[in-house]
>>> print(open('final25.cif').read())   # mmCIF, C-alpha atoms
data_my_file
#
loop_
_atom_site.label_atom_id
_atom_site.label_comp_id
_atom_site.auth_asym_id
_atom_site.auth_seq_id
_atom_site.Cartn_x
_atom_site.Cartn_y
_atom_site.Cartn_z
CA MET A 1 120.71 151.84 18.12
CA LEU A 2 120.93 149.44 15.23
CA VAL A 3 119.68 145.88 15.61
CA LEU A 4 122.63 143.68 14.74
CA PHE A 5 123.39 139.97 14.77
CA LYS A 6 125.92 138.43 17.14
CA LEU A 7 129.42 139.14 15.93
CA MET A 8 131.57 138.58 18.99
CA GLY A 9 133.17 135.48 17.46
CA PHE A 10 134.11 137.51 14.42
CA LEU A 11 135.40 140.36 16.55
CA GLY A 12 137.60 138.08 18.59
CA LEU A 13 139.00 136.48 15.44
CA ALA A 14 139.73 139.83 13.83
CA LEU A 15 141.42 141.20 16.93
CA LEU A 16 143.58 138.12 17.51
CA LEU A 17 144.49 137.34 13.90
CA ALA A 18 148.06 138.58 14.10
CA ALA A 19 148.66 136.95 17.49
CA CYS A 20 147.65 133.57 16.11
CA GLY A 21 150.54 133.69 13.67
CA GLU A 22 148.47 133.40 10.51
CA GLU A 23 150.07 134.78 7.40
CA LYS A 24 148.70 138.15 6.37
CA THR A 25 147.33 138.79 2.95
CA THR A 26 145.83 141.89 1.37
CA GLU A 27 142.41 140.28 1.85
CA SER A 28 142.82 138.91 5.38
CA VAL A 29 143.53 142.37 6.86
CA PHE A 30 140.09 143.56 5.79
CA ALA A 31 137.53 143.16 8.57
CA ARG A 32 134.50 141.27 7.36
CA SER A 33 131.17 143.02 7.88
CA ALA A 34 127.70 141.63 8.46
CA PRO A 35 124.92 142.38 5.95
CA THR A 36 123.19 144.58 8.54
CA CYS A 37 126.17 146.94 8.48
CA GLU A 38 126.41 147.49 4.76
CA PRO A 39 123.83 150.33 4.50
CA SER A 40 125.91 152.45 6.90
CA VAL A 41 129.21 152.13 5.01
CA LEU A 42 130.78 155.44 3.96
CA GLU A 43 132.12 154.73 0.49
CA GLY A 44 135.74 155.58 -0.11
CA ARG A 45 136.62 155.99 3.60
CA TYR A 46 138.70 153.32 5.32
CA ILE A 47 139.88 153.02 8.93
CA VAL A 48 143.39 151.56 9.06
CA SER A 49 144.69 150.10 12.32
CA TRP A 50 148.49 149.91 12.33
CA GLU A 51 150.63 147.49 14.30
CA ASP A 52 152.33 150.40 16.08
CA GLY A 53 148.98 151.46 17.61
CA ARG A 54 148.08 154.28 15.23
CA VAL A 55 144.65 154.52 13.65
CA THR A 56 144.29 156.57 10.46
CA LEU A 57 141.50 157.45 8.07
CA GLU A 58 142.41 156.76 4.46
CA THR A 59 140.44 157.67 1.36
CA ALA A 60 140.46 155.78 -1.90
CA ALA A 61 138.34 155.66 -5.03
CA SER A 62 137.95 151.91 -4.61
CA ARG A 63 138.99 149.01 -2.42
CA GLN A 64 141.45 147.83 -5.08
CA GLU A 65 143.01 151.27 -5.29
CA LEU A 66 143.56 151.22 -1.51
CA ILE A 67 145.15 147.76 -1.74
CA ASP A 68 147.50 148.78 -4.54
CA ARG A 69 148.51 152.13 -3.08
CA LEU A 70 148.63 151.48 0.66
CA ILE A 71 147.98 147.95 1.86
CA GLU A 72 150.24 145.89 -0.36
CA PRO A 73 153.34 148.09 0.11
CA GLN A 74 152.86 148.23 3.92
CA LEU A 75 151.11 144.93 4.60
CA GLN A 76 153.22 143.84 7.57
CA ALA A 77 152.73 147.20 9.29
CA ILE A 78 148.92 146.98 9.13
CA ARG A 79 146.80 145.19 11.73
CA HIS A 80 143.46 145.44 9.97
CA VAL A 81 141.35 147.63 7.70
CA GLU A 82 137.63 148.33 7.82
CA SER A 83 135.20 150.69 6.13
CA ASP A 84 134.28 153.81 8.02
CA ARG A 85 130.59 153.84 8.89
CA LEU A 86 127.88 156.23 9.83
CA LEU A 87 126.62 155.84 13.37
CA PRO A 88 123.11 156.90 12.41
CA GLY A 89 120.53 158.92 14.28
CA LEU A 90 116.77 158.71 14.46
CA SER A 91 116.41 157.77 10.81
CA ARG A 92 117.66 154.27 11.61
CA GLY A 93 115.75 153.83 14.87
CA THR A 94 118.56 154.83 17.20
CA SER A 95 118.07 156.86 20.34
CA LEU A 96 120.78 159.48 20.08
CA LYS A 97 118.01 161.94 20.77
CA SER A 98 115.07 161.35 23.07
CA ALA A 99 111.64 162.92 23.24
CA ILE A 100 111.37 166.25 25.04
CA SER A 101 108.66 166.24 27.69
CA PRO A 102 108.24 169.92 28.66
CA SER A 103 104.86 169.32 30.30
CA VAL A 104 106.28 166.94 32.91
CA PRO A 105 106.77 168.62 36.30
CA ASN A 106 110.34 169.01 37.53
CA ASP A 107 110.06 166.58 40.43
CA SER A 108 113.65 165.21 40.43
CA TRP A 109 112.24 161.73 40.93
CA GLY A 110 115.32 160.02 39.49
CA LEU A 111 117.70 161.58 42.00
CA ALA A 112 115.40 160.61 44.85
CA ALA A 113 115.10 157.05 43.53
CA VAL A 114 118.87 156.49 43.61
CA GLN A 115 119.31 158.29 46.99
CA ALA A 116 121.74 160.83 45.57
CA ASP A 117 121.42 163.18 48.53
CA TRP A 118 122.78 160.51 50.87
CA ALA A 119 126.16 161.27 49.27
CA TRP A 120 125.70 165.04 49.19
CA ARG A 121 124.95 165.22 52.91
CA LEU A 122 128.31 163.54 53.54
CA GLY A 123 130.10 166.03 51.32
CA ILE A 124 130.68 163.39 48.62
CA ARG A 125 130.19 165.24 45.33
CA GLY A 126 132.59 163.72 42.80
CA GLN A 127 135.57 165.87 43.70
CA GLY A 128 138.70 165.18 41.67
CA THR A 129 137.06 163.05 38.97
CA THR A 130 136.87 163.71 35.24
CA LEU A 131 134.31 162.18 32.91
CA ALA A 132 134.41 162.28 29.13
CA VAL A 133 130.98 162.85 27.59
CA ILE A 134 131.46 161.40 24.10
CA ASP A 135 128.26 162.59 22.51
CA SER A 136 126.96 165.64 20.65
CA GLN A 137 128.25 169.11 21.53
CA VAL A 138 127.83 170.28 25.12
CA ASP A 139 126.87 173.88 25.90
CA ILE A 140 130.10 174.84 27.68
CA ASP A 141 128.62 178.24 28.61
CA HIS A 142 125.51 176.90 30.32
CA PRO A 143 125.38 178.56 33.77
CA GLN A 144 125.29 175.18 35.54
CA LEU A 145 128.03 173.61 33.40
CA ALA A 146 130.53 176.39 32.72
CA SER A 147 132.44 175.78 35.96
CA ARG A 148 132.30 172.00 35.56
CA ILE A 149 134.18 171.78 32.25
CA ALA A 150 137.62 170.12 32.31
CA PHE A 151 139.48 173.01 30.74
CA ASN A 152 142.91 172.41 29.21
CA SER A 153 145.38 174.71 30.96
CA GLY A 154 147.83 174.33 28.10
CA GLU A 155 145.43 176.23 25.84
CA MET A 156 144.44 178.90 28.38
CA GLY A 157 145.86 182.32 29.23
CA LEU A 158 147.90 184.56 26.93
CA ASP A 159 150.59 183.40 24.51
CA GLU A 160 153.91 185.15 23.89
CA GLN A 161 152.23 187.61 21.52
CA GLY A 162 149.62 188.50 24.13
CA ARG A 163 146.82 186.64 22.35
CA ASP A 164 144.20 184.52 24.08
CA ARG A 165 145.47 180.95 23.71
CA ARG A 166 141.90 179.67 23.43
CA PHE A 167 141.48 181.37 20.06
CA ASN A 168 144.99 181.91 18.67
CA GLN A 169 144.79 179.01 16.18
CA ILE A 170 147.98 177.49 17.59
CA ASP A 171 148.47 174.08 19.18
CA ASP A 172 150.01 175.62 22.29
CA ASP A 173 150.36 172.37 24.25
CA GLY A 174 151.55 170.33 21.25
CA ASN A 175 149.01 167.55 21.64
CA GLY A 176 147.94 167.61 17.99
CA TYR A 177 144.73 169.63 18.51
CA VAL A 178 144.53 173.37 17.95
CA ASP A 179 142.77 175.45 20.63
CA ASP A 180 141.31 172.42 22.43
CA TYR A 181 140.74 174.42 25.60
CA ALA A 182 137.36 172.78 26.33
CA GLY A 183 137.47 169.36 24.78
CA TYR A 184 137.09 169.03 21.04
CA SER A 185 134.52 168.57 18.30
CA PHE A 186 135.55 165.63 16.16
CA PHE A 187 132.36 166.07 14.15
CA SER A 188 133.26 169.54 12.92
CA HIS A 189 137.04 169.08 13.31
CA GLU A 190 137.44 172.22 15.39
CA PRO A 191 137.53 173.32 19.03
CA ASN A 192 134.34 173.17 21.03
CA ARG A 193 132.56 176.50 20.96
CA ALA A 194 129.44 177.77 22.68
CA THR A 195 127.96 178.78 19.33
CA ALA A 196 126.40 175.46 18.29
CA PRO A 197 125.58 173.36 21.37
CA ASP A 198 123.22 170.40 21.09
CA ILE A 199 120.45 169.28 23.42
CA HIS A 200 121.55 165.65 23.77
CA GLY A 201 125.14 166.14 24.90
CA THR A 202 124.19 169.07 27.11
CA HIS A 203 121.44 167.03 28.78
CA VAL A 204 123.75 164.08 29.44
CA ALA A 205 126.43 166.37 30.91
CA GLY A 206 123.92 168.01 33.25
CA ILE A 207 122.69 164.71 34.68
CA ILE A 208 126.26 163.99 35.70
CA ALA A 209 127.65 167.32 36.82
CA ALA A 210 125.23 170.26 36.79
CA GLU A 211 126.48 172.58 39.50
CA HIS A 212 124.48 173.05 42.70
CA GLU A 213 125.18 173.39 46.41
CA ASP A 214 122.23 171.41 47.78
CA SER A 215 122.52 168.63 50.32
CA GLU A 216 119.11 167.21 49.51
CA VAL A 217 117.04 166.42 46.44
CA ARG A 218 114.76 169.36 45.65
CA ASP A 219 112.06 170.20 43.16
CA ALA A 220 113.60 173.38 41.81
CA ASP A 221 113.83 175.54 38.71
CA TYR A 222 117.38 174.36 38.15
CA VAL A 223 119.09 171.00 37.65
CA GLN A 224 120.91 169.01 40.31
CA GLY A 225 123.82 167.05 38.89
CA LEU A 226 124.49 163.73 40.57
CA ALA A 227 128.21 164.51 40.99
CA PRO A 228 128.19 168.33 41.05
CA GLU A 229 131.91 168.73 41.74
CA SER A 230 133.11 166.35 39.05
CA ARG A 231 134.40 167.70 35.76
CA ILE A 232 133.15 167.05 32.24
CA LEU A 233 135.40 166.69 29.20
CA PRO A 234 133.04 167.36 26.26
CA LEU A 235 134.00 165.37 23.16
CA ALA A 236 131.56 165.78 20.30
CA PHE A 237 131.40 163.31 17.45
CA ILE A 238 127.62 163.42 16.82
CA GLY A 239 126.12 166.26 14.80
CA SER A 240 122.94 168.16 15.54
CA LEU A 241 120.98 165.82 13.26
CA GLY A 242 121.99 162.80 15.32
CA GLY A 243 124.73 161.18 13.22
CA GLY A 244 128.46 160.72 13.53
CA THR A 245 131.15 158.48 12.08
CA LEU A 246 132.86 155.46 13.54
CA TYR A 247 136.28 157.02 12.95
CA ASP A 248 135.35 160.15 14.88
CA ALA A 249 134.06 158.04 17.80
CA ILE A 250 137.39 156.20 17.88
CA ARG A 251 139.32 159.49 17.81
CA ALA A 252 137.22 160.80 20.70
CA ILE A 253 138.05 157.71 22.78
CA ASP A 254 141.76 158.19 22.04
CA TYR A 255 141.54 161.83 23.11
CA ALA A 256 139.81 160.88 26.35
CA VAL A 257 142.64 158.44 27.11
CA MET A 258 145.24 161.09 26.32
CA GLN A 259 143.58 163.50 28.76
CA GLY A 260 143.49 160.93 31.55
CA VAL A 261 139.76 160.75 32.25
CA ASP A 262 138.37 158.38 34.87
CA ILE A 263 135.07 157.51 33.19
CA ILE A 264 133.65 157.61 29.65
CA ASN A 265 129.91 158.03 29.16
CA ALA A 266 128.65 156.65 25.84
CA SER A 267 124.95 157.36 25.36
CA TRP A 268 125.02 156.15 21.74
CA GLY A 269 125.45 153.03 19.64
CA GLY A 270 125.33 151.41 16.24
CA ALA A 271 128.88 150.25 15.48
CA ALA A 272 128.64 146.51 16.01
CA CYS A 273 130.79 145.65 13.02
CA SER A 274 133.97 147.41 14.16
CA PRO A 275 136.90 145.40 15.55
CA GLU A 276 138.78 148.67 16.05
CA LEU A 277 136.04 150.10 18.27
CA ALA A 278 136.06 146.87 20.26
CA ARG A 279 139.85 147.08 20.65
CA LYS A 280 139.76 150.72 21.74
CA ILE A 281 137.12 150.06 24.39
CA LYS A 282 138.87 146.90 25.55
CA ASP A 283 142.15 148.80 25.96
CA LEU A 284 140.52 151.32 28.31
CA GLU A 285 140.97 148.80 31.12
CA SER A 286 144.76 149.17 30.89
CA HIS A 287 144.29 152.91 31.41
CA ASN A 288 142.01 152.42 34.46
CA ILE A 289 139.04 153.96 32.68
CA LEU A 290 135.46 152.82 33.24
CA PHE A 291 133.21 152.70 30.18
CA VAL A 292 129.48 153.32 30.69
CA ALA A 293 127.18 152.51 27.76
CA ALA A 294 123.47 153.09 27.19
CA ALA A 295 121.66 149.79 26.56
CA GLY A 296 119.49 151.17 23.74
CA ASN A 297 115.85 152.04 23.25
CA ARG A 298 114.30 149.29 21.13
CA GLY A 299 112.90 147.19 23.98
CA ILE A 300 114.84 144.11 22.87
CA ASP A 301 117.05 141.46 24.46
CA ILE A 302 120.60 142.36 23.48
CA ASP A 303 121.83 138.94 24.62
CA ARG A 304 120.01 137.61 21.56
CA PHE A 305 120.22 140.63 19.27
CA PRO A 306 123.35 142.55 20.29
CA GLU A 307 123.73 146.29 19.89
CA TYR A 308 127.13 147.84 20.36
CA PRO A 309 128.98 149.16 22.24
CA ALA A 310 126.34 148.12 24.79
CA ALA A 311 126.91 144.38 24.28
CA PHE A 312 130.73 144.27 24.29
CA ASN A 313 130.63 143.29 28.00
CA PHE A 314 134.22 144.06 28.97
CA PRO A 315 135.31 143.79 32.65
CA HIS A 316 135.53 147.59 32.99
CA GLN A 317 132.21 148.26 31.21
CA ILE A 318 128.76 148.90 32.67
CA THR A 319 125.75 148.81 30.34
CA VAL A 320 122.68 150.62 31.62
CA GLY A 321 118.97 150.15 30.95
CA SER A 322 116.08 152.37 32.05
CA ILE A 323 113.44 152.32 34.75
CA GLY A 324 110.41 154.60 35.00
CA ARG A 325 108.83 156.28 38.00
CA SER A 326 107.17 153.04 39.12
CA GLY A 327 110.55 151.36 39.48
CA LEU A 328 109.70 148.93 36.69
CA MET A 329 111.80 148.57 33.57
CA ALA A 330 110.75 151.16 31.01
CA ASP A 331 109.03 149.88 27.87
CA HIS A 332 111.63 151.50 25.63
CA SER A 333 114.63 149.97 27.38
CA ASN A 334 116.74 147.18 25.97
CA PHE A 335 117.53 144.41 28.44
CA GLY A 336 119.70 141.32 28.77
CA ASP A 337 120.50 138.86 31.55
CA GLN A 338 124.18 138.98 30.59
CA HIS A 339 124.96 142.13 28.65
CA VAL A 340 122.87 144.74 30.49
CA HIS A 341 124.30 145.14 33.97
CA ILE A 342 122.07 147.57 35.84
CA PHE A 343 119.02 149.81 35.47
CA ALA A 344 118.78 153.51 36.37
CA PRO A 345 116.17 156.26 35.98
CA GLY A 346 115.55 157.05 32.33
CA VAL A 347 112.02 158.45 31.96
CA ASP A 348 111.15 162.17 32.16
CA ILE A 349 114.60 163.12 33.43
CA PHE A 350 115.19 166.86 33.84
CA SER A 351 118.58 168.21 32.97
CA THR A 352 120.38 171.06 31.28
CA VAL A 353 119.73 172.01 27.65
CA PRO A 354 121.42 174.76 25.59
CA PHE A 355 121.11 178.46 26.29
CA SER A 356 120.49 178.27 30.05
CA GLY A 357 117.51 175.93 29.72
CA HIS A 358 116.38 172.65 31.22
CA GLU A 359 113.96 170.05 29.87
CA ALA A 360 112.87 166.47 30.45
CA LEU A 361 114.13 163.72 28.14
CA THR A 362 113.49 159.99 28.10
CA GLY A 363 115.80 157.13 27.08
CA THR A 364 118.66 154.91 28.15
CA SER A 365 120.80 157.89 27.09
CA MET A 366 119.56 159.47 30.32
CA ALA A 367 120.00 156.34 32.45
CA ALA A 368 123.69 155.89 31.55
CA PRO A 369 124.84 159.25 33.00
CA PHE A 370 123.13 158.39 36.30
CA VAL A 371 125.56 155.48 36.55
CA SER A 372 128.50 157.59 35.35
CA GLY A 373 127.69 160.19 38.00
CA ALA A 374 127.43 157.50 40.67
CA LEU A 375 130.84 156.14 39.69
CA ALA A 376 132.26 159.67 39.97
CA LEU A 377 130.91 159.84 43.53
CA LEU A 378 132.57 156.52 44.40
CA LYS A 379 135.86 157.43 42.71
CA GLY A 380 135.95 160.89 44.28
CA HIS A 381 135.28 159.43 47.71
CA ARG A 382 137.84 156.63 47.44
CA PRO A 383 140.41 157.65 44.79
CA GLN A 384 142.52 154.58 45.55
CA ALA A 385 139.75 152.21 44.49
CA THR A 386 140.50 150.15 41.40
CA VAL A 387 138.28 150.02 38.33
CA SER A 388 137.29 146.50 39.36
CA GLN A 389 136.36 147.62 42.87
CA LEU A 390 134.31 150.57 41.62
CA ARG A 391 132.36 148.37 39.23
CA GLN A 392 131.89 145.68 41.85
CA ALA A 393 130.66 148.18 44.44
CA LEU A 394 128.08 149.56 42.05
CA LEU A 395 126.73 146.20 40.90
CA GLN A 396 126.75 144.46 44.28
CA SER A 397 124.78 147.25 45.96
CA VAL A 398 121.75 147.39 43.68
CA ASP A 399 118.13 147.39 44.80
CA GLN A 400 117.14 143.98 43.50
CA ARG A 401 113.96 142.89 41.80
CA HIS A 402 113.83 139.35 40.47
CA LEU A 403 111.77 140.51 37.48
CA TYR A 404 114.58 142.78 36.28
CA ARG A 405 116.20 141.46 33.10
CA ASN A 406 119.78 142.47 33.77
CA ALA A 407 122.89 140.77 35.12
CA SER A 408 122.61 142.23 38.63
CA GLN A 409 118.81 141.95 38.72
CA GLY A 410 118.89 145.42 40.19
CA ARG A 411 118.75 149.20 39.89
CA LEU A 412 121.18 151.88 41.00
CA ASN A 413 121.39 152.78 44.70
CA VAL A 414 124.03 155.42 45.47
CA ALA A 415 123.82 155.10 49.25
CA ARG A 416 124.41 151.36 49.23
CA ALA A 417 127.18 151.69 46.62
CA LEU A 418 129.08 154.09 48.85
CA MET A 419 128.84 151.68 51.76
CA GLU A 420 130.00 148.85 49.52
CA ILE A 421 133.07 150.71 48.26
CA GLU A 422 134.06 151.32 51.88
CA ASN A 423 133.96 147.58 52.51
CA LEU A 424 135.91 146.71 49.38
CA VAL A 425 138.67 149.29 49.84
CA SER A 426 139.19 148.43 53.52
CA GLU A 427 139.54 144.69 52.85
#
>>> encode(input="final25.cif", output="structure tokens")
Amino acid sequence: MLVLFKLMGFLGLALLLAACGEEKTTESVFARSAPTCEPSVLEGRYIVSWEDGRVTLETAASRQELIDRLIEPQLQAIRHVESDRLLPGLSRGTSLKSAISPSVPNDSWGLAAVQADWAWRLGIRGQGTTLAVIDSQVDIDHPQLASRIAFNSGEMGLDEQGRDRRFNQIDDDGNGYVDDYAGYSFFSHEPNRATAPDIHGTHVAGIIAAEHEDSEVRDADYVQGLAPESRILPLAFIGSLGGGTLYDAIRAIDYAVMQGVDIINASWGGAACSPELARKIKDLESHNILFVAAAGNRGIDIDRFPEYPAAFNFPHQITVGSIGRSGLMADHSNFGDQHVHIFAPGVDIFSTVPFSGHEALTGTSMAAPFVSGALALLKGHRPQATVSQLRQALLQSVDQRHLYRNASQGRLNVARALMEIENLVSE
């Protein structure tokens, strides 16, 4: 993720400008950006947030041309405007992809560390929950993921002409997306297909939901998803080279809300300068959606040097750092006594990769889906639990170590979290 300076004061100002009653001008609606964001600006592309809730992407040859053509004539209808940006990949030091470690034995140490099988033995497997994996493209045909995809029934079956709705190039359910039978690729602006899956999104999805029938953690030639009866909504906005745009990330969040997911997993970052991204994530609370973010892989204190979305710190958000096999914080992991909430396994984690494979990856991108999967277990077990209760149960049940640099001073423990949600819901 990008290293960015603290901008929360700016974000709050930008988001509350209209509410404060200040007079709008063609300049005041433009979100100010920090110098660290300028290299990622996509020239000629502008994200416009409208007062009626719409967000559109507008193109213009110059800022002045956009003002003359769009902003000035519709000033009162516009909330704010910002440049679209590239959420960069490895070239800018982010961790959208992590190192493959094929020589590491498949010992499932992460699942054992969080006591995942305590839930499985009780038949708690994430039933009835849906998680959006906003990431790169998931292999929807992987043998351990194919049955775990949240398919859209409105785009399935045969249409009136006897054609397969999945491929008939018609928006059968009228939701604005053609053939979105298995999520959508906002990166390529087309339905998800099994023809171009990516390792990162597929790996994240498998940590959460790879199908298995075990009741105990095993060292096996297949992957054990933490919540193997949950469902994954794959929403791709990152390309195979590790980059995506801010606008596409925002569209993916909107789609996840529209489809009524319970949890969003965001194993990415780099958009600290966006008031619209902050607003979209903040608004998830009103839709009872939990937002799980990877802390980042630069080994820095994000209380001092924030990286976003990890450091937004909303009441329905959980930001996750990594531990290694020893139980200590991993060297790569970002930390923060306020903005990182919990640690989870993130070193040499085996999971699904495209074309029926499985490999080990390392990074906070792997730690975040451990927490997303744990939340699916809690939500599936106690569907009536509120977002606040689910978050509280997870963070109050950690295995604590006073040396941990996170808000809970702890790491994920599924068994204790399930006991805690029982206490909270019964109160």
>>> closest_atom_pairs(input="final25.cif", of="region 292-331 of chain A", to="region 394-404 of chain A", cutoff="10 Å", atoms="only C-alpha atoms", output="Markdown table")
| residue | atom | partner | partner_atom | distance |
| --- | --- | --- | --- | --- |
| A:Ile318 | CA | A:Leu395 | CA | 8.9 |
| A:Ile323 | CA | A:Tyr404 | CA | 9.7 |
| A:Gly327 | CA | A:Arg401 | CA | 9.4 |
| A:Leu328 | CA | A:Tyr404 | CA | 7.9 |
| A:Met329 | CA | A:Tyr404 | CA | 7.0 |
>>> residues_near_point(input="final25.cif", point="(116.5, 168.7, 44.5)", cutoff="9 Å", atoms="all atoms listed in the file", output="number ranges by chain")
A: 107-109, 111-112, 117, 214-220, 222-224
>>> atom_distance(input="final25.cif", atom1="CA of Asp221 (chain A)", atom2="CA of Leu233 (chain A)")
25.2 Å
>>> residues_around(input="final25.cif", residues="Ala310 (chain A)", least_positions_apart="5", cutoff="12 Å", atoms="all atoms listed in the file", output="ChimeraX atom specification")
/A:1-4,265-272,277-278,281,291-297,301-303,305,317-321,334-336,338-342,364-365,368
>>> axis_aligned_box(input="final25.cif", around="region 138-150 of chain A", padding_each_side="8 Å", output="lines of an AutoDock Vina configuration file")
center_x = 131.5
center_y = 174.3
center_z = 30.5
size_x = 28.3
size_y = 24.4
size_z = 26.8
>>> resolve_selection(input="final25.cif", expression="the PyMOL selection byres ((chain A and resi 48) around 9)", output="ChimeraX atom specification")
/A:46-47,49-50,54-58,78-83,276
>>> closest_residue(input="final25.cif", among="A:Tyr181, A:Phe167, A:Phe343, A:Trp118", to="Gly154 (chain A)", atoms="all atoms listed in the file")
A:Tyr181
>>> residues_around(input="final25.cif", residues="Leu246 (chain A)", least_positions_apart="4", cutoff="7 Å", atoms="only C-alpha atoms", output="VMD selection string")
chain A and resid 84 to 87 250 271
>>> write_last_selection(input="final25.cif", atoms="C-alpha atoms", output="short mmCIF file (atom, residue, chain, number, x, y, z; two decimals), keeping the file's coordinate frame")
data_model
loop_
_atom_site.label_atom_id
_atom_site.label_comp_id
_atom_site.auth_asym_id
_atom_site.auth_seq_id
_atom_site.Cartn_x
_atom_site.Cartn_y
_atom_site.Cartn_z
CA ASP A 84 134.28 153.81 8.02
CA ARG A 85 130.59 153.84 8.89
CA LEU A 86 127.88 156.23 9.83
CA LEU A 87 126.62 155.84 13.37
CA ILE A 250 137.39 156.20 17.88
CA ALA A 271 128.88 150.25 15.48
#
>>> atom_distance(input="final25.cif", atom1="CA of Pro345 (chain A)", atom2="CA of Gly110 (chain A)")
5.2 Å
>>> atom_distance(input="final25.cif", atom1="CA of His212 (chain A)", atom2="CA of Val261 (chain A)")
22.2 Å
>>> closest_residue(input="final25.cif", among="A:Leu122, A:Ala236, A:Val353, A:Ile263", to="Leu390 (chain A)", atoms="all atoms listed in the file")
A:Ile263
>>> closest_residue(input="final25.cif", among="A:His203, A:Arg416, A:Arg231, A:Arg148", to="Gly380 (chain A)", atoms="all atoms listed in the file")
A:Arg231
>>> residues_around(input="final25.cif", residues="Ala249 (chain A)", least_positions_apart="4", cutoff="8 Å", atoms="only C-alpha atoms", output="JSON, numbers by chain")
{"A": [134, 186, 237, 244, 245, 253]}
>>> residues_around(input="final25.cif", residues="Glu211 (chain A)", least_positions_apart="6", cutoff="9 Å", atoms="all atoms listed in the file", output="PyMOL selection string")
chain A and resi 143-148+223-225+227-229
>>> write_last_selection(input="final25.cif", atoms="C-alpha atoms", output="mmCIF file, in the frame of the given file")
data_model
loop_
_atom_site.group_PDB
_atom_site.id
_atom_site.type_symbol
_atom_site.label_atom_id
_atom_site.label_comp_id
_atom_site.auth_asym_id
_atom_site.auth_seq_id
_atom_site.Cartn_x
_atom_site.Cartn_y
_atom_site.Cartn_z
ATOM 1 C CA PRO A 143 125.380 178.560 33.770
ATOM 2 C CA GLN A 144 125.290 175.180 35.540
ATOM 3 C CA LEU A 145 128.030 173.610 33.400
ATOM 4 C CA ALA A 146 130.530 176.390 32.720
ATOM 5 C CA SER A 147 132.440 175.780 35.960
ATOM 6 C CA ARG A 148 132.300 172.000 35.560
ATOM 7 C CA VAL A 223 119.090 171.000 37.650
ATOM 8 C CA GLN A 224 120.910 169.010 40.310
ATOM 9 C CA GLY A 225 123.820 167.050 38.890
ATOM 10 C CA ALA A 227 128.210 164.510 40.990
ATOM 11 C CA PRO A 228 128.190 168.330 41.050
ATOM 12 C CA GLU A 229 131.910 168.730 41.740
#
>>> closest_residue(input="final25.cif", among="A:Ile289, A:Leu418, A:Met366, A:Ala60", to="Thr386 (chain A)", atoms="only C-alpha atoms")
A:Ile289
>>> decode(input="final25.cif", residues="region 290-301 of chain A", atoms="N, CA and C atoms", output="PDB file, in the first residue's frame")
ATOM      1  N   LEU A 290     -20.154  -5.416   7.403  1.00  0.00           N
ATOM      2  CA  LEU A 290     -18.838  -5.303   8.014  1.00  0.00           C
ATOM      3  C   LEU A 290     -17.781  -5.152   6.933  1.00  0.00           C
ATOM      4  N   PHE A 291     -16.786  -4.312   7.204  1.00  0.00           N
ATOM      5  CA  PHE A 291     -15.723  -4.049   6.236  1.00  0.00           C
ATOM      6  C   PHE A 291     -14.401  -4.483   6.850  1.00  0.00           C
ATOM      7  N   VAL A 292     -13.739  -5.461   6.214  1.00  0.00           N
ATOM      8  CA  VAL A 292     -12.483  -6.009   6.720  1.00  0.00           C
ATOM      9  C   VAL A 292     -11.368  -5.586   5.772  1.00  0.00           C
ATOM     10  N   ALA A 293     -10.350  -4.909   6.320  1.00  0.00           N
ATOM     11  CA  ALA A 293      -9.269  -4.362   5.507  1.00  0.00           C
ATOM     12  C   ALA A 293      -7.931  -4.948   5.926  1.00  0.00           C
ATOM     13  N   ALA A 294      -7.068  -5.207   4.961  1.00  0.00           N
ATOM     14  CA  ALA A 294      -5.697  -5.609   5.237  1.00  0.00           C
ATOM     15  C   ALA A 294      -4.901  -4.393   5.696  1.00  0.00           C
ATOM     16  N   ALA A 295      -4.067  -4.567   6.716  1.00  0.00           N
ATOM     17  CA  ALA A 295      -3.332  -3.443   7.295  1.00  0.00           C
ATOM     18  C   ALA A 295      -2.235  -2.931   6.378  1.00  0.00           C
ATOM     19  N   GLY A 296      -1.676  -3.788   5.526  1.00  0.00           N
ATOM     20  CA  GLY A 296      -0.584  -3.387   4.654  1.00  0.00           C
ATOM     21  C   GLY A 296       0.725  -4.036   5.041  1.00  0.00           C
ATOM     22  N   ASN A 297       1.648  -4.046   4.116  1.00  0.00           N
ATOM     23  CA  ASN A 297       2.862  -4.876   4.235  1.00  0.00           C
ATOM     24  C   ASN A 297       4.165  -4.099   4.262  1.00  0.00           C
ATOM     25  N   ARG A 298       4.161  -2.895   4.794  1.00  0.00           N
ATOM     26  CA  ARG A 298       5.383  -2.103   4.819  1.00  0.00           C
ATOM     27  C   ARG A 298       6.055  -2.094   6.192  1.00  0.00           C
ATOM     28  N   GLY A 299       5.469  -2.754   7.167  1.00  0.00           N
ATOM     29  CA  GLY A 299       6.065  -2.812   8.496  1.00  0.00           C
ATOM     30  C   GLY A 299       6.089  -1.468   9.196  1.00  0.00           C
ATOM     31  N   ILE A 300       5.071  -0.630   8.953  1.00  0.00           N
ATOM     32  CA  ILE A 300       5.045   0.708   9.525  1.00  0.00           C
ATOM     33  C   ILE A 300       3.850   0.913  10.438  1.00  0.00           C
ATOM     34  N   ASP A 301       3.904   1.972  11.234  1.00  0.00           N
ATOM     35  CA  ASP A 301       2.839   2.343  12.152  1.00  0.00           C
ATOM     36  C   ASP A 301       1.836   3.211  11.398  1.00  0.00           C
TER      37      ASP A 301
END
